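**Student:** What follows is a single structure, and I will ask about it in a moment.
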Amino acid sequence: MEEVENSSKRKAPELSSEDNSSAAVLDEQQSLPGSTAKRPNLARSCIHEVAVPNGYDLSKDEAVHGTLSNPAFNGEMAKTYPFQLDPFQSISIACLERNESVLVSAHTSAGKTAIAEYAIAMSFRDKQRVIYTSPLKALSNQKYRELSQEFSDVGLMTGDVTLQPNATCLVMTTEILRAMLYRGSEVIKEVGWVIFDEIHYMKDRERGVVWEESIVFLPPAIKMVFLSATMSNATEFAEWICNLHKQPCHVVYTDFRPTPLQHYVFPIGGSGLYLVVDENGQFREDNFLKLQDTFAKQPSQPDGRKGGGPKASGRIAKGGNASGTSDIYRIVKMIMDRKFQPVIIFSFSRRECEHHAMSMSKLDFNTQEEKDNIEQVFRSAIFCLSEEDRGLPAIELMLPLLKRGIAVHHSGLLPLIKELVELLFQEGLVKALFATETFAMGLNMPAKTVVFTSVKKWDGDSNRYIASGEYIQMSGRAGRRGMDARGICVIMIDEKMEMSVIKDMVLGKPAPLISTFRLSYYTILNLLSRAEGQFTAEHVIRNSFHQFQYEKALPEVIQKITKLENEATLLDSSGENDLAEYHKLGLDISELEKKIMSEMIRPERALLYLVPGRLVKVRDGSTDWGWGVVVNVVKKPPASSTLPPALSAPRNNYIVDTLLHCSSSSSENGANGPRSKPCPPRQGEKGEMHVVPVPLPLLSGLSSVRISIPTDLRPPEARQNILFAVQELGKRYPQGLPKLHPITDMGIEEPELVDLVHKLDGLEQKLCSHPLNKSDQSEQQLSWYQRKAELNHEIQQLKSKMRDSQLQKFRDELKNRSRVLKMLGHIDTDGVLQLKGRAACLIDTGDELLITELMFNVHLMNLITIKLLLLLAALYRVRSQVSKYA
């Protein structure tokens with residue numbers, strides 16, 4: 001692997017901001033704040049690397065093609081451009097002319113499409129076919145329209161539309177390419193180049209495997225162009241391609257952004273707009289601290305609660321304030337008044353997109369001429385539909401929005417409406433577009449301004465902050481190259497954020513591309529259907545990016561094991577048997593206490609004792625809060641029927657409002673009242689007492705001690721006095737506060753619990769009589785032993801990871817899945833594909849087994865159309881609800 005930094009540089013135009021203010025109040029009379037600092041001259045440099053297989057023939061005319069490490073094309077170009085190419089574009093084109101694969105990693109709107117167009121022009125020149133693949137149908141449609149204007153012979157193949165399937169240049173989704181490879185299409189034999197747009201989509205949990213399988217199945221003679229947003233492990237990906245297809249793969253990387261961005265933060269419910277990152281990429285810490293102050297000034301609730309707990313506002317209320325005027329409405333109106341349109345407003349929910357768009361009913365951004373043009377285009381577009389379909393609400397409701405220059409774009413819209421929105425946005429007839437993040441995936445539709453309605457998204461597992469790579473992808477839509485001096489990003493937040501969180505999100509490096517390879521039923525069935533048998537499941541597994549990353553990580557794992565073993569040998573092992581016994585006693589006692597506590601906090605037993613003033617111990621996973629004071633116990637409303645059984649259990653229906661010692665910097669406020677994400681104070685920090693809603697299962701101890709608490713907890717002094725009282729009790733009982741005894745105090749007489757209590761008493765006596773319990777050095781010795789135990793555990797885990805071959809794991813999975821296919825009748829006992837299996841091979845956009853079973857179900861086939869639609873609607877509803885808790 002050789003790395004060469006390209007020395008070709010040219011200056012970017014110098015920019016200055018429009019305004020001297022760095023943080024300002026958002027109102028109707030004020031322009032968007034900017035920075036007084038001028039943007040320095042930036043060098044448009046790039047980094048070039050290349051992965052080369054052993055024994056590769058380097059014989060190229062250096063006068064025409066340059067060298068492998070420094071490619072430079074000096075021949076007649078297949079396509080010329082009306083502008084001067086950036087260095088990364090020149091180097092990428094030189095790599096293409098060497099007939100070698102290339103991965104181009106650059107920011108959104110940097111000009112990666114020019115490289116794809118050159119590869120297509122080369123294919124036309126050399127009489128070869130070329131395939132352009134994308135992750136989204138919308139992107140395929142757009143690329144088809146653009147390429148049709150540039151080249152004469154272009155076709156389109158998506159799940160919805162097929163146009164000119166025998167064209168020289170075929171634009172398609174990656175699923176279509178994979179299906180062609182599985183079926184051994186004759187078209188593939190004529191293909192010279194395949195362009196994979198948005199290759200970083202390969203890390204998608206559901207669809208990422210499609211890219212991996214397509215790359216594995218491509219014949220080695222075909223060369224590839226990979227276009228991607230910036231990724232941190234582009235070299236590793238190139239090494240995989242080199243290893244898989246035995247051909248060089250170049251990496252051309254640039255982090256230059258042609259149109260600089262300014263990033264502003266708007267606190268929901270507030271009135272300020274704060275520049276946190278200027279166009280030079282400098283984080284404005286002074287403005288961020290001013291932003292934090294706006295949250296601190298919001299009042300607490302009457303009970304002293306710093307967070308919403310059970311009273312937190314719902315999703316629909318987000319973005320509103322007491323006056324009833326939406327913050328999003330105000331921001332969009334300000335953007336239009338200041339001529340910063342077009343604007344894309346990103347939400348992470350289809351419902352929110354539509355809700356926000358409908359709330360713009362008082363705004364109108366188009367002239368009468370533009371309205372007439374939109375209506376004419378709209379009527380022409382829906383003319384292909386039947387008269388009955390034209391009356392659908394999804395179509396009728398869209399025209400009034402479009403005429404006012406407002407539109408919605410998400411995957412739930414009809415394909416016709418989505419394409420219409422894209423066309424109108426490109427033509428400048430849509431000024432404000434409310435979209436989900438899929439709109440940012442490669443669609444070449446930049447705007448001057450981008451607004452984020454939230455910085456959190458549900459990813460199927462948790463409600464997390466958006467990652468740096470996701471933010472880069474979406475914010476990259478801001479700023480039109482050659483049209484805007486700068487792009488503007490506005491981030492709406494409804495809670496206090498740590499400086500490091502927002503800094504990592506806006507300025508952080510994109511996450512590495514990690515394989516999400518999995519062995520699906522679709523893959524197994526299609527591999528069995530291949531007559532020639534040249535590819536097997538074993539072949540796909542062995543050549544996957546997943547397996548490549550695993551094998552590449554092994555030397556690092558071995559090195560880490562050696563380091564841990566050396567550290568473990570340095571620890572003193574004298575008296576290890578006594579230490580092991582003492583350590584085990586402590587673990588056994590802790591385990592028994594957990595079992596006893598789980599019985600004590602059953603609502604029918606614990607509620608009688610959870611009275612105001614009772615001291616309780618709180619533990620949330622690994623976070624130990626120590627002792628707090630009960631203020632109140634509330635019962636949550638009955639769980640919805642859509643909740644999983646685990647979330648609707650009786651003991652989860654109670655919240656104990658508890659005064660806890662919290663870190664001063666962890667309290668956060670929201671738009672519709674304060675909310676809290678508290679954490680215990682750090683060592684040496686004073687902290688303060690706040691009422692925190694604690695689910696009943698998080699109680700890890702009930703004390704027999706009660707203290708009196710005032711009725712009004714709003715004054716900070718009242719809560720601080722309680723903190724002093726708790727700390728004084730801790731000094732009075734150095735061995736720990738006395739706890740309620742489950743038998744003598746609570747009167748629990750169940751034989752199983754009584755037996756557990758007796759076992760606990762016996763273990764505690766053993767612990768007290770153990771020699772190490774009274775030793776002055778016992779604490780230090782135990783600390784050494786625990787560290788050694790942790791090291792040995794980590795060593796065993798790493799060795800187990802090395803032993804558990806990924807190949808064997810997938811082999812076992814293949815065996816189990818094949819058993820299921822035989823049981824369902826998709827294959828016979830000899831592994832030969834049956835009728836149901838052949839049908840499942842054709843289903844690549846859903847659950848192939850479920851859909852096939854429904855298709856072959858006799859009762860389902862007898863349903864009339866309306867009943868079938870109702871069933872499908874119910875299944876969709878169940879799927880959307882389950883995905884929230886999956």
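Going by the structure tokens order, chains are called A, B, ..., each with residues numbered from 1, while ligands are numbered from 1 in the order shown.
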From stretch 39-107 of chain A, collect each residue whose DSSP state is helix (DSSP H, G or I) and return the set as a VMD selection string.
**Tutor:** chain A and resid 62 to 65 87 to 97
**Student:** Limited to N, CA and C atoms, could you put the picked residues into a file as an mmCIF file, in the first residue's frame?
**Tutor:**
data_model
loop_
_atom_site.group_PDB
_atom_site.id
_atom_site.type_symbol
_atom_site.label_atom_id
_atom_site.label_comp_id
_atom_site.auth_asym_id
_atom_site.auth_seq_id
_atom_site.Cartn_x
_atom_site.Cartn_y
_atom_site.Cartn_z
ATOM 1 N N GLU A 62 4.065 5.263 -19.086
ATOM 2 C CA GLU A 62 4.101 6.315 -18.065
ATOM 3 C C GLU A 62 3.914 7.701 -18.663
ATOM 4 N N ALA A 63 4.274 7.856 -19.931
ATOM 5 C CA ALA A 63 4.093 9.171 -20.561
ATOM 6 C C ALA A 63 2.608 9.506 -20.697
ATOM 7 N N VAL A 64 1.773 8.473 -20.807
ATOM 8 C CA VAL A 64 0.325 8.681 -20.974
ATOM 9 C C VAL A 64 -0.416 8.538 -19.656
ATOM 10 N N HIS A 65 -0.041 7.512 -18.876
ATOM 11 C CA HIS A 65 -0.818 7.167 -17.682
ATOM 12 C C HIS A 65 -0.125 7.500 -16.357
ATOM 13 N N PRO A 87 -8.295 18.620 -8.006
ATOM 14 C CA PRO A 87 -7.254 17.582 -7.986
ATOM 15 C C PRO A 87 -7.800 16.170 -7.793
ATOM 16 N N PHE A 88 -8.772 15.996 -6.895
ATOM 17 C CA PHE A 88 -9.269 14.635 -6.666
ATOM 18 C C PHE A 88 -9.994 14.105 -7.900
ATOM 19 N N GLN A 89 -10.621 15.008 -8.673
ATOM 20 C CA GLN A 89 -11.288 14.572 -9.899
ATOM 21 C C GLN A 89 -10.263 14.182 -10.967
ATOM 22 N N SER A 90 -9.197 14.960 -11.088
ATOM 23 C CA SER A 90 -8.154 14.660 -12.083
ATOM 24 C C SER A 90 -7.482 13.322 -11.788
ATOM 25 N N ILE A 91 -7.153 13.088 -10.531
ATOM 26 C CA ILE A 91 -6.486 11.836 -10.168
ATOM 27 C C ILE A 91 -7.418 10.654 -10.372
ATOM 28 N N SER A 92 -8.688 10.805 -10.008
ATOM 29 C CA SER A 92 -9.650 9.712 -10.182
ATOM 30 C C SER A 92 -9.813 9.351 -11.648
ATOM 31 N N ILE A 93 -9.893 10.360 -12.509
ATOM 32 C CA ILE A 93 -10.024 10.106 -13.945
ATOM 33 C C ILE A 93 -8.779 9.417 -14.493
ATOM 34 N N ALA A 94 -7.606 9.808 -13.991
ATOM 35 C CA ALA A 94 -6.360 9.146 -14.415
ATOM 36 C C ALA A 94 -6.373 7.669 -14.016
ATOM 37 N N CYS A 95 -6.936 7.363 -12.842
ATOM 38 C CA CYS A 95 -7.051 5.960 -12.402
ATOM 39 C C CYS A 95 -7.999 5.189 -13.305
ATOM 40 N N LEU A 96 -9.094 5.828 -13.716
ATOM 41 C CA LEU A 96 -10.038 5.168 -14.615
ATOM 42 C C LEU A 96 -9.386 4.863 -15.962
ATOM 43 N N GLU A 97 -8.616 5.817 -16.459
ATOM 44 C CA GLU A 97 -7.955 5.615 -17.746
ATOM 45 C C GLU A 97 -6.899 4.511 -17.670
#
**Student:** In Å, with one decimal, what is the gap from atom CA of A:Lys759 to atom CA of A:Gly730?
**Tutor:** 27.2 Å
**Student:** Would you mind listing what lies within 12 Å of A:Phe724 as number ranges by chain, with only C-alpha atoms counted and same-chain residues fewer than 2 positions away left out?
**Tutor:** A: 628, 661, 686-689, 707, 717-722, 726-731
**Student:** Selected residues, N, CA and C atoms, written as a short mmCIF file (atom, residue, chain, number, x, y, z; two decimals), in the first residue's frame, please.
**Tutor:**
data_model
loop_
_atom_site.label_atom_id
_atom_site.label_comp_id
_atom_site.auth_asym_id
_atom_site.auth_seq_id
_atom_site.Cartn_x
_atom_site.Cartn_y
_atom_site.Cartn_z
N GLY A 628 -31.32 8.04 48.57
CA GLY A 628 -32.18 9.18 48.27
C GLY A 628 -33.38 9.17 49.19
N HIS A 661 -29.05 13.10 44.93
CA HIS A 661 -27.91 14.01 44.82
C HIS A 661 -27.41 13.99 43.38
N LYS A 686 -19.77 19.46 44.28
CA LYS A 686 -20.76 19.71 45.33
C LYS A 686 -22.11 19.12 44.97
N GLY A 687 -22.61 19.37 43.78
CA GLY A 687 -23.89 18.83 43.35
C GLY A 687 -25.07 19.49 44.04
N GLU A 688 -26.26 19.02 43.68
CA GLU A 688 -27.48 19.56 44.27
C GLU A 688 -28.58 18.51 44.24
N MET A 689 -29.57 18.67 45.13
CA MET A 689 -30.66 17.70 45.23
C MET A 689 -31.79 18.06 44.26
N ILE A 707 -36.93 10.43 57.39
CA ILE A 707 -36.69 11.80 57.83
C ILE A 707 -37.89 12.64 57.41
N GLU A 717 -32.82 25.91 49.02
CA GLU A 717 -32.36 25.73 50.40
C GLU A 717 -33.03 24.53 51.06
N ALA A 718 -34.33 24.34 50.76
CA ALA A 718 -35.07 23.23 51.37
C ALA A 718 -34.48 21.89 50.92
N ARG A 719 -34.16 21.80 49.64
CA ARG A 719 -33.60 20.54 49.14
C ARG A 719 -32.17 20.35 49.64
N GLN A 720 -31.43 21.43 49.78
CA GLN A 720 -30.06 21.33 50.25
C GLN A 720 -30.00 20.88 51.71
N ASN A 721 -30.99 21.30 52.51
CA ASN A 721 -31.04 20.86 53.92
C ASN A 721 -31.25 19.35 54.02
N ILE A 722 -32.04 18.82 53.10
CA ILE A 722 -32.25 17.37 53.09
C ILE A 722 -30.95 16.66 52.75
N VAL A 726 -29.06 13.74 54.99
CA VAL A 726 -28.67 12.41 54.49
C VAL A 726 -27.19 12.18 54.73
N GLN A 727 -26.38 13.21 54.47
CA GLN A 727 -24.93 13.08 54.69
C GLN A 727 -24.61 12.88 56.18
N GLU A 728 -25.36 13.52 57.04
CA GLU A 728 -25.15 13.36 58.48
C GLU A 728 -25.50 11.94 58.92
N LEU A 729 -26.56 11.36 58.34
CA LEU A 729 -26.92 9.98 58.66
C LEU A 729 -25.82 9.01 58.22
N GLY A 730 -25.18 9.33 57.08
CA GLY A 730 -24.09 8.49 56.61
C GLY A 730 -22.92 8.47 57.58
N LYS A 731 -22.66 9.65 58.22
CA LYS A 731 -21.59 9.70 59.22
C LYS A 731 -21.98 8.95 60.48
#
**Student:** Show me, as a PDB file with C-alpha atoms, in the first residue's frame, the residues that have an atom within 10 Å of A:Thr367 when counting only C-alpha atoms, minus same-chain residues fewer than 6 positions from it.
**Tutor:**
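Heads up, here's the output in result.pdb:
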ATOM      1  CA  ASN A 373     -46.777  26.234 -13.645  1.00  0.00           C
ATOM      2  CA  LYS A 403     -48.746  25.692  -5.060  1.00  0.00           C
ATOM      3  CA  ARG A 404     -47.527  27.540  -1.952  1.00  0.00           C
ATOM      4  CA  GLY A 405     -43.954  26.304  -2.530  1.00  0.00           C
ATOM      5  CA  LEU A 429     -40.728  25.829  -7.564  1.00  0.00           C
TER       6      LEU A 429
END
**Student:** In terms of the shortest atom-to-atom distance over only C-alpha atoms, which of A:Val634, A:Leu587, A:Leu170, A:Val277 is closest to A:Ser152?
**Tutor:**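 Result for the nearest residue to A:Ser152: A:Leu170.
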**Student:** List as a ChimeraX atom specification the protein and nucleic acid residues near A:Val408, meaning an atom at most 6 Å away when only C-alpha atoms are counted, but skip any in the same chain fewer than 5 places from it.
**Tutor:** /A:433-435
**Student:** Go through A:Ile382, A:Val451, A:Val161, A:Ile344 and flag the residue nearest A:Phe266, using only C-alpha atoms for the distances.
**Tutor:**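 So, comparing all the options, the nearest one is A:Val451.
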**Student:** Restricting the calculation to only C-alpha atoms: of A:Leu103, A:Leu528, A:Ala138, A:Ile748, which residue gets closest to A:Ser411?
**Tutor:** A:Ala138
**Student:** Measuring atom to atom with only C-alpha atoms, identify which of A:Ala432, A:Leu740, A:Leu424, A:Leu592 is nearest to A:Leu753.
**Tutor:**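 Among A:Ala432, A:Leu740, A:Leu424, A:Leu592, it is A:Leu592 that comes nearest to A:Leu753.
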**Student:** Looking at A:Leu363, A:Ile466, A:Leu763, A:Val216, which one is nearest to A:Met505, with distances taken over only C-alpha atoms?
**Tutor:**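 Of A:Leu363, A:Ile466, A:Leu763, A:Val216, the one nearest A:Met505, counting only C-alpha atoms, is A:Ile466.
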**Student:** Could you tell me how far atom CA of A:Tyr550 sits from atom CA of A:Gly831, in Å to one decimal place?
**Tutor:**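 Going from atom CA of A:Gly831 over to atom CA of A:Tyr550 covers 29.6 Å.
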**Student:** I need the residue nearest A:Met445 from this list: A:Leu139, A:Ile335, A:Ile120, A:Leu58. Use only C-alpha atoms for the distance.
**Tutor:**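 Nearest to A:Met445: A:Leu139.
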**Student:** Using DSSP on the backbone coordinates, identify the residues of stretch 479-516 of chain A assigned to strand (DSSP E or B); present them as JSON, numbers by chain.
**Tutor:** {"A": [487, 488, 489, 490, 491, 492, 493]}
**Student:** For the selection just defined, write its residues with N, CA and C atoms to a file, as an mmCIF file, in the first residue's frame.
**Tutor:**
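Output contents, as saved in part.cif:
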data_model
loop_
_atom_site.group_PDB
_atom_site.id
_atom_site.type_symbol
_atom_site.label_atom_id
_atom_site.label_comp_id
_atom_site.auth_asym_id
_atom_site.auth_seq_id
_atom_site.Cartn_x
_atom_site.Cartn_y
_atom_site.Cartn_z
ATOM 1 N N GLY A 487 -23.163 27.683 2.872
ATOM 2 C CA GLY A 487 -24.382 26.988 3.232
ATOM 3 C C GLY A 487 -24.678 27.212 4.703
ATOM 4 N N ILE A 488 -25.955 27.139 5.065
ATOM 5 C CA ILE A 488 -26.374 27.418 6.438
ATOM 6 C C ILE A 488 -27.086 26.192 7.003
ATOM 7 N N CYS A 489 -26.657 25.753 8.189
ATOM 8 C CA CYS A 489 -27.299 24.645 8.890
ATOM 9 C C CYS A 489 -27.851 25.166 10.219
ATOM 10 N N VAL A 490 -29.105 24.871 10.479
ATOM 11 C CA VAL A 490 -29.742 25.265 11.740
ATOM 12 C C VAL A 490 -30.151 23.993 12.465
ATOM 13 N N ILE A 491 -29.636 23.811 13.673
ATOM 14 C CA ILE A 491 -29.919 22.614 14.474
ATOM 15 C C ILE A 491 -30.843 23.017 15.621
ATOM 16 N N MET A 492 -32.000 22.399 15.683
ATOM 17 C CA MET A 492 -32.944 22.682 16.760
ATOM 18 C C MET A 492 -32.743 21.658 17.871
ATOM 19 N N ILE A 493 -32.522 22.134 19.089
ATOM 20 C CA ILE A 493 -32.354 21.217 20.214
ATOM 21 C C ILE A 493 -33.342 21.599 21.315
#
